Each structure stands twice: as C-alpha cells, then as structure tokens.
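Trainee: Here it is, the structure in full.
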Amino acid sequence: MSLEQHAVLLILAPLFGALIISLIGGLHRRMAYLLIVGSLGLSFYSALATLKQVALHAAEGPLRYRLGDWAPPYGIELVIDPLNSLVLAMVSGVALLVAIFSKNTVRQEIADRIHHYYTLFALLVAGLLGITATGDAFNLYVLMEISALSSYALLARGRGLAYYATFKYVIMGTIGACLYLLGVGYLYIKTGTLNMAEMVDFLARPELLTSESIRVAFILIMVGLWIKMAFFPLHGWLPNAYTRASTTTSCLVAPLMTKVSVYIMIRVMFGVFSVAFIHTTLGWSKVVVWLACIAILAGSFGALAQTSMKRMLTYIIIAEVGYMVGGAWLGNAAGLTGATYHILSDGLMTACLFMVVGAISFKTGSDKLEAMRGIFRKMPITAVVFLVGAFAMIGIPPTCGFFSKWYLIKGGVMAGQYGFVVALLISSLVNAVLFFRLIEIGYYDEFDADGKPKHHRRIKVKEAPLSMLLPMVVTAAMLIVVGLYTNQIVSGLIKYTIPAGL
Amino acid sequence: MEDVLTYIISRYNYWAAIILLLIGLYGMIAKNNLLKKVIGMSIFQAAIILFYVSIGDKRGATIPILDHGHGAHHGAHQAIEAASYANPLPHVLMLTAIVVGVSTLGVALAILQKIYRVHGTIEEDEILETIDQ
C-alpha cells in the first residue's frame, strides 16, 4: 500500500469497522471485541505513519489527500498538518487503549448486544478522526454530528438517570452544532467556498476582515464550539452526562470529545480566520481569557465539592477546557503552544485517570471516594498508574502536565494576563489538594474512633485483569514519555502550527 | 420608516429564518414537556435548513439542470449562464443536514421513550422531583 493512503485509512478503518461489527460482531461472543481492537489498531498504525510523514516534512506544508481525487473547490480534501497529525495520533491511540481496556467492563455493564455498543464506539472514533482530518467546513459539521449522535447513544446506555442527563446533552449538543452550521452558512455567503484553505485567502481581504457578517459568523461558530466543549458558562450538561455513563463510555468520551472540540476551535481561529481578525478586528482576547479564568476556577472548586471520583474528574475536565481556551486566546506563541500541547497531554491524562476509576469501580462496584479506602494495597499497579495520572494533573515534572502548564503560564506572563496565571496556579493547588486527599484515602485503611486502623488482617492483592492493566500502564508511561520528549514535540511539530504574526 | 420596511422586506428570508430559530430556541429552553423540547429542536434545525436553501436561490433562476446540455443536437455548445440557474450547492448540503436532523430526532425520541420508562413521565419538573427523592 502506498504511503499517502494512510491519511484516509485512519478514518476508514473505524468506519468500515463499525459496519463489519454491526453485521458479524454478534456471531461469536468475542468477535466484536477482536474486530474493534483490530480496526482501531489499524487506524492507530495509520495515524502514526501519517504523523511520521508529516513530522519529516513539517516545513513543507500540510499533507493533502483528495477524497475520490476530486480537486479541492469541488471535492473534499483531508488536510493533515503538524497540528492535527498530533491530535489524530492522540485520538486513535486513546481510542485503541480504551477499546482494549473495555473487554471486561463492557461485559459487566452492557450484558446484551455488545456488538451494537462497539458499532457506536467505532463510529464515534471515526467521526472524531474525520473532524480532525477534514479540510472542509461543512464536512466537519457532518462528522461532528456523526460523533455526537454516537456519543448520545453511548452515554444513554448508562445507569438509571443517564437518560435524562443524555437528553439534556442532545438538546445542548444540537444547539451547538446548529450554531456552527449557521456560522458556516454566513461564511459561505460571503466567500462562496467551504474549503478552509480557500476561506483563509478570502477572509484575509480587507473588505471581509472588517465585515459585520464575518464577525457574526465567527461568534456563531465560537459559541457553537464552546457549547460542544463545555466552556464555562455553557458547561451545565457535561458533569451529569459523563458521570452517569457506563465506565467504558466515559473513558472514551471524556478524554476525546472536549479535546477534539478545542482542536476545532484552534483550527477555526487560525486556519479559517486569521490572527489579525481575532486579535485586532475582534479585540475580544481579554474577555475570553477572563472567561477561561472563571472556567478554571469554577471547574476546580466544583471538583472539590464532589464525593464521587468520576464526577470530580468531570469538573476537572471543565477546568482543563479553560486552560486550553485561555491558552489559545492569549495571543502569543507560547500560549498557543501550551494549548496545543495540552490537547495531547490532557487527552492522555484524562484517559489515564478515567481508566483508573473504571478499574476501581470494576473491582469494588462503586466510584465513590470511599470505595478507594485501602485500595493501594489491594491494587498496587492501579495505584502507581493513578499516582502518575495525578502527578500529571497537578503538574509535577517530568509528566507532560507540567510542560503544558509551563507554556501556558509563560504565555500568560508574556501577554500580561496575570489573572490567567493566578487561575492556573490556584487550579494546580486545588488539584494537589484533590489528589493528595485521594492518595490519603487510598493509602490508609479505615480508622476507628481512637485513630487506630480498623483492620489488622493482611489485605490480599486483587488487581484488575490484564486487559485493563495493560492500557492503563501504557497510558501512564505515555504521560512520562510525552513529558520527556516535550522539546522534540514542540520544536518538531507544534512550532510549525503557530501562525505567522503571533 | 420606509427604509426600515424595505430593509426588512428585501431580506424576508433571513427574517423568517431568525423568527423560526427563536421559536425553536424558546421551545428548547422554556418548555417543560421534553417532547416539546424535541419539537423545538426540530424547528431550530429546520430554520437553518431553510436559511441555507434560501441563499441558493436567485431572482428568475430555475432548477440547475442544463437545458441543452450533454448530447443534445442543437446548442450543445451554447454558453451557460450561471445567473439563470439556482445555486445547487446549498441545497445539496441541506440533504445531508436533513439526514442529520432526522437521525438526531430519532435518537432524541428513543431516549425520550427510555426516560418515560424509567421516570414514568416526560414532564421535566416531575422528573426532577423523582431524582431528588
């Protein structure tokens, strides 16, 4: 197979995987699992091949793949540049790990019709990868809805109250996608094209740069995307929908959906509109960064109030979205580098922590904080993975969480946005409190009133099965590896994604 | 006054889309019955579909099928005037958007059915009461 086909193969593998799983996945009880791991493995392999190709030719501009060999203004093209090749690798990698992880949790939680579940799983991943790779604004909408529809169906297969929470998400998600579509309509009226690369050229013209309709289009698209990524005032749907979902679903949806939405925001800001438009014509940077500060603080303090681990993590997601939106809107290269790098690192660390919570609730049947009591001695490997994930979330070197915060804080200082810097530091402190509290609960046994441990018996090691441990350990190792290779990632890939003028 | 009126009338398609959008948004936010929220969602989507369809239209234009195109004996080389045909692209896009809208509606109705089975009602306040207990 020739090398350039990898760009399309990475989307087609899960797409056709979904079709095949729905057809023959029900034949044998392990068939669906093997098919999903196989198709996502192929997708991840292609994503890595594409990443390598892009990294080797990073200075020569993006890789373009014409679907069906139709030339761009009429056909749809996939455009893969350093920015989205990184996101593609992250999305397909996390999806593959979660698929491997899901072997036992799916069997435990979704007893019947497992192959339908995996069909939706594969469709969601295909949608997310498509969103990331496409170079066409309308195609992006369609793929966004493909992934959103499959995520609605996945999230609804949760516990008792999941349906109502998902219903709210359906309504909010549809509003978000529709606003995006409306914004694209405005852009189409003004530019006559849907190809992002062509739009850039039109939108750089002075008469369009100051046009009122273009400004409205930008606002519509941004608000739509902010709903999709649960940016602070529009985050209400997220905690309930993600907490009540089944373990596998939240492991898959929580790290990927919001991160891909942040990617689209960065792509639209600098790949469709321009630096001049956002920071000079619009002049909203300060306001959005302040909103991001509120998002960070609201998410962090919201997390403090929770008694369920999963729910706590959903609030941390809201804070992390604030990090990335703030970084992207700071208006300097360090901030954008931090935001882009944080898409990668946050995807990995959210996946890591959700998988740990999944493994603990698989073993103990609960995701309450109290379920962690003494868990470190029962599940030592899970405990190590949890520690690495927690350190990354707090931002302790050499995990990748430290480096993204480093760039974000540097960006904040350079832009003179000290509010953002303070918000980041407070959020790190709150994360430290959150996770050290969990470490304490997990490490010590129950105490009685005199302060003596209740149980003196030896605790037997009851570790999660290998299919769960393996992806968890790999994710935790990736958190450190990505941290150690920060320099290479930033100077080899992210450097080329910084638009001129920042 | 007359200017304002002309301004409104000359862009009536946009006004219609905006009014429908607001009706849909009102339905989604203010209605207590979840089915009415779903109806609001559909109206919201339909408004955007109509908006797109209306921007493809031109004054005095016809459907974009070439009169003397392809294989016709006379006038095969006749110049094609873009102005006399409606722009088909927004219409084609909306075919996809309609499909998306129908699937969203389907998923929403399926979830609604499940909500009714779990909570025994589709009135939002009554559902919230059962959750609090």
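We name chains A, B, ... following the order of the structure tokens; residues begin at 1 in each chain, and ligands are numbered from 1 as shown.
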Just list as JSON, numbers by chain whatever in chain B DSSP marks as helix (DSSP H, G or I).

Mentor: {"B": [2, 3, 4, 5, 6, 7, 8, 9, 10, 12, 13, 14, 15, 16, 17, 18, 19, 20, 21, 22, 23, 24, 25, 26, 27, 28, 29, 30, 34, 35, 36, 37, 38, 39, 40, 41, 42, 43, 44, 45, 46, 47, 48, 49, 50, 51, 52, 53, 54, 55, 82, 83, 84, 88, 89, 90, 91, 92, 93, 94, 95, 96, 97, 98, 99, 100, 101, 102, 103, 104, 105, 106, 107, 108, 109, 110, 111, 112, 113, 114, 115, 116, 117, 118, 119, 124, 125, 126, 127, 128, 129, 130, 131, 132]}

Trainee: Could you please select, counting only C-alpha atoms, the residues of chain A within 8 Å of chain B and state them as an MDAnalysis selection string?

Mentor: chainID A and resid 138 142 145 149 152:153 156 160:161 163:164 166:167 170:171 174:175 178 181:182 185 189

Trainee: Could you tell me how far CA of Arg107 in chain A sits from CA of Leu469 in chain A, in Å to one decimal place?

Mentor: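 Straight-line distance from CA of Leu469 in chain A to CA of Arg107 in chain A works out to 16.4 Å.
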
Trainee: Excluding Gly173 in chain A and any residue of its chain fewer than 6 positions from it, enumerate the residues within 8 Å of it, using only C-alpha atoms, and give them as a list in words.

Mentor: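 In the requested format, the answer is Ala148, Ile227 and Lys228 of chain A.
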
Trainee: Those same residues, written as a compact mmCIF listing (two decimals), in the first residue's frame with C-alpha atoms?

Mentor:
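out-v9.txt was written with the following content:
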```
# COMPACT_ATOMS: atom_id res chain seq x y z
CA ALA A 148 -22.18 13.48 18.60
CA ILE A 227 -21.19 24.54 23.92
CA LYS A 228 -19.66 21.39 22.43
```

Trainee: Between A:Arg373, A:Lys286, A:Lys378, A:His342, which is the closest to Phe420 in chain A once you count only C-alpha atoms?

Mentor: A:Lys286

Trainee: List the spatial neighbours of range 402-405 of chain A as a PyMOL selection string - criterion: any atom at most 9 Å away, only C-alpha atoms, same-chain residues fewer than 6 positions off excluded.

Mentor: chain A and resi 323+337-342+345-346+391-396+424-425+483+486

Trainee: Neighbours of Leu336 in chain A within 9 Å (only C-alpha atoms; same-chain residues fewer than 2 positions away dropped), as a PDB file with N, CA and C atoms, in the first residue's frame?

Mentor:
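File produced: part03.pdb:
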```
ATOM      1  N   ILE A 266      -9.228  25.870  17.682  1.00  0.00           N
ATOM      2  CA  ILE A 266      -7.922  26.399  17.268  1.00  0.00           C
ATOM      3  C   ILE A 266      -7.838  26.414  15.744  1.00  0.00           C
ATOM      4  N   MET A 324      -7.144  25.373  27.987  1.00  0.00           N
ATOM      5  CA  MET A 324      -6.836  25.357  26.554  1.00  0.00           C
ATOM      6  C   MET A 324      -7.428  26.560  25.844  1.00  0.00           C
ATOM      7  N   GLY A 326      -8.134  29.450  27.198  1.00  0.00           N
ATOM      8  CA  GLY A 326      -7.345  30.602  27.611  1.00  0.00           C
ATOM      9  C   GLY A 326      -6.028  30.667  26.863  1.00  0.00           C
ATOM     10  N   GLY A 327      -5.331  29.527  26.782  1.00  0.00           N
ATOM     11  CA  GLY A 327      -4.043  29.491  26.098  1.00  0.00           C
ATOM     12  C   GLY A 327      -4.162  29.910  24.644  1.00  0.00           C
ATOM     13  N   ALA A 328      -5.220  29.427  23.977  1.00  0.00           N
ATOM     14  CA  ALA A 328      -5.376  29.743  22.560  1.00  0.00           C
ATOM     15  C   ALA A 328      -5.696  31.217  22.347  1.00  0.00           C
ATOM     16  N   TRP A 329      -6.367  31.827  23.324  1.00  0.00           N
ATOM     17  CA  TRP A 329      -6.776  33.226  23.151  1.00  0.00           C
ATOM     18  C   TRP A 329      -5.773  34.221  23.720  1.00  0.00           C
ATOM     19  N   LEU A 330      -4.677  33.731  24.320  1.00  0.00           N
ATOM     20  CA  LEU A 330      -3.713  34.669  24.902  1.00  0.00           C
ATOM     21  C   LEU A 330      -3.093  35.568  23.842  1.00  0.00           C
ATOM     22  N   GLY A 331      -3.002  35.043  22.627  1.00  0.00           N
ATOM     23  CA  GLY A 331      -2.479  35.881  21.566  1.00  0.00           C
ATOM     24  C   GLY A 331      -0.971  35.894  21.499  1.00  0.00           C
ATOM     25  N   ASN A 332      -0.320  34.848  21.987  1.00  0.00           N
ATOM     26  CA  ASN A 332       1.104  34.737  21.723  1.00  0.00           C
ATOM     27  C   ASN A 332       1.484  33.284  21.480  1.00  0.00           C
ATOM     28  N   ALA A 333       2.699  33.085  20.973  1.00  0.00           N
ATOM     29  CA  ALA A 333       3.099  31.750  20.533  1.00  0.00           C
ATOM     30  C   ALA A 333       3.163  30.774  21.701  1.00  0.00           C
ATOM     31  N   ALA A 334       3.639  31.241  22.859  1.00  0.00           N
ATOM     32  CA  ALA A 334       3.771  30.328  23.991  1.00  0.00           C
ATOM     33  C   ALA A 334       2.404  29.826  24.439  1.00  0.00           C
ATOM     34  N   GLY A 338       1.169  26.031  24.371  1.00  0.00           N
ATOM     35  CA  GLY A 338       0.661  25.372  25.568  1.00  0.00           C
ATOM     36  C   GLY A 338      -0.698  24.741  25.312  1.00  0.00           C
ATOM     37  N   ALA A 339      -1.590  25.477  24.635  1.00  0.00           N
ATOM     38  CA  ALA A 339      -2.934  24.961  24.379  1.00  0.00           C
ATOM     39  C   ALA A 339      -2.866  23.714  23.498  1.00  0.00           C
ATOM     40  N   THR A 340      -2.039  23.771  22.449  1.00  0.00           N
ATOM     41  CA  THR A 340      -1.935  22.632  21.536  1.00  0.00           C
ATOM     42  C   THR A 340      -1.331  21.429  22.236  1.00  0.00           C
ATOM     43  N   TYR A 341      -0.262  21.689  22.987  1.00  0.00           N
ATOM     44  CA  TYR A 341       0.398  20.604  23.697  1.00  0.00           C
ATOM     45  C   TYR A 341      -0.544  20.026  24.747  1.00  0.00           C
ATOM     46  N   TYR A 407       4.181  26.155  29.525  1.00  0.00           N
ATOM     47  CA  TYR A 407       3.963  27.005  28.350  1.00  0.00           C
ATOM     48  C   TYR A 407       2.792  27.952  28.561  1.00  0.00           C
ATOM     49  N   LEU A 408       1.722  27.448  29.188  1.00  0.00           N
ATOM     50  CA  LEU A 408       0.541  28.296  29.392  1.00  0.00           C
ATOM     51  C   LEU A 408       0.886  29.462  30.310  1.00  0.00           C
ATOM     52  N   GLY A 411       3.016  31.905  28.500  1.00  0.00           N
ATOM     53  CA  GLY A 411       2.163  32.698  27.611  1.00  0.00           C
ATOM     54  C   GLY A 411       1.400  33.754  28.383  1.00  0.00           C
ATOM     55  N   THR A 497       2.877  24.938  13.717  1.00  0.00           N
ATOM     56  CA  THR A 497       1.446  25.230  13.716  1.00  0.00           C
ATOM     57  C   THR A 497       1.167  26.656  14.171  1.00  0.00           C
ATOM     58  N   ILE A 498       2.186  27.324  14.685  1.00  0.00           N
ATOM     59  CA  ILE A 498       1.986  28.692  15.155  1.00  0.00           C
ATOM     60  C   ILE A 498       1.861  29.597  13.937  1.00  0.00           C
ATOM     61  N   LEU A 502       1.981  35.758  15.360  1.00  0.00           N
ATOM     62  CA  LEU A 502       1.777  35.568  16.797  1.00  0.00           C
ATOM     63  C   LEU A 502       3.096  35.721  17.529  1.00  0.00           C
TER      64      LEU A 502
END
```

Trainee: If you count only C-alpha atoms, which residues fall within 12 Å of range 108-118 of chain A, apart from same-chain ones fewer than 3 positions away, as number ranges by chain?

Mentor: A: 14-15, 17-37, 39-40, 95, 98-100, 102-105, 121-125, 150-159, 245-249, 252, 358-359, 361-363, 365

Trainee: Distance table requested - range 126-174 of chain A against range 236-240 of chain A, cut-off 7 Å, only C-alpha atoms: one row per qualifying residue with the closest atom pair and its distance in Å to one decimal, ordered by chain and rising residue number, as a tab-separated table.

Mentor:
```
residue	atom	partner	partner_atom	distance
A:Ala165	CA	A:Asn240	CA	5.6
A:Lys168	CA	A:Trp237	CA	6.2
A:Tyr169	CA	A:Trp237	CA	5.4
```

Trainee: Report as a ChimeraX atom specification all protein, DNA and RNA residues lying within 12 Å of Ile65 in chain B, evaluated on only C-alpha atoms, omitting residues in the same chain fewer than 6 positions from it.

Mentor: /B:80-82,84-88

Trainee: To one decimal place in Å, what is the distance between CA of Lys190 in chain A and CA of Arg205 in chain A?

Mentor: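 Separation of CA of Lys190 in chain A and CA of Arg205 in chain A: 11.4 Å.
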
Trainee: Could you check the closest approach to Pro499 in chain A for each of A:Ser147, A:Ser211, A:Ser274, A:Thr314 and tell me which residue wins, using only C-alpha atoms?

Mentor: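 Of A:Ser147, A:Ser211, A:Ser274, A:Thr314, the one nearest Pro499 in chain A, counting only C-alpha atoms, is A:Ser274.
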
Trainee: For Pro206 in chain A, which residue among A:Ser427, A:Thr281, A:Gln417, A:Thr307 is the nearest when counting only C-alpha atoms?

Mentor: A:Thr281

Trainee: In Å, with one decimal, what is the gap from CA of Asp125 in chain B to CA of Asn32 in chain B?

Mentor: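 CA of Asn32 in chain B lies at a distance of 7.0 Å from CA of Asp125 in chain B.
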
Trainee: Just the strand (DSSP E) stuff from range 43-220 of chain A, please, per backbone DSSP, written as a list in words.

Mentor: Leu63, Arg64, Tyr65, Arg66, Glu77, Leu78, Val79 and Ile80 of chain A

Trainee: Quick one: write out the picked residues with N, CA and C atoms as a PDB file, in the first residue's frame?

Mentor:
```pdb
ATOM      1  N   LEU A  63       0.010  17.864   4.449  1.00  0.00           N
ATOM      2  CA  LEU A  63      -0.236  16.745   3.554  1.00  0.00           C
ATOM      3  C   LEU A  63      -1.698  16.860   3.112  1.00  0.00           C
ATOM      4  N   ARG A  64      -1.928  16.825   1.792  1.00  0.00           N
ATOM      5  CA  ARG A  64      -3.318  16.948   1.319  1.00  0.00           C
ATOM      6  C   ARG A  64      -3.745  15.676   0.639  1.00  0.00           C
ATOM      7  N   TYR A  65      -4.910  15.182   1.013  1.00  0.00           N
ATOM      8  CA  TYR A  65      -5.424  13.961   0.400  1.00  0.00           C
ATOM      9  C   TYR A  65      -6.785  14.280  -0.191  1.00  0.00           C
ATOM     10  N   ARG A  66      -6.892  14.120  -1.523  1.00  0.00           N
ATOM     11  CA  ARG A  66      -8.175  14.410  -2.167  1.00  0.00           C
ATOM     12  C   ARG A  66      -9.037  13.166  -2.150  1.00  0.00           C
ATOM     13  N   GLU A  77     -11.184  17.600   0.718  1.00  0.00           N
ATOM     14  CA  GLU A  77      -9.835  17.096   0.929  1.00  0.00           C
ATOM     15  C   GLU A  77      -9.556  16.941   2.417  1.00  0.00           C
ATOM     16  N   LEU A  78      -8.681  15.977   2.703  1.00  0.00           N
ATOM     17  CA  LEU A  78      -8.178  15.860   4.058  1.00  0.00           C
ATOM     18  C   LEU A  78      -6.879  16.646   4.100  1.00  0.00           C
ATOM     19  N   VAL A  79      -6.744  17.494   5.094  1.00  0.00           N
ATOM     20  CA  VAL A  79      -5.520  18.281   5.222  1.00  0.00           C
ATOM     21  C   VAL A  79      -4.866  17.890   6.536  1.00  0.00           C
ATOM     22  N   ILE A  80      -3.676  17.323   6.451  1.00  0.00           N
ATOM     23  CA  ILE A  80      -3.023  16.889   7.682  1.00  0.00           C
ATOM     24  C   ILE A  80      -1.727  17.648   7.860  1.00  0.00           C
TER      25      ILE A  80
END
```
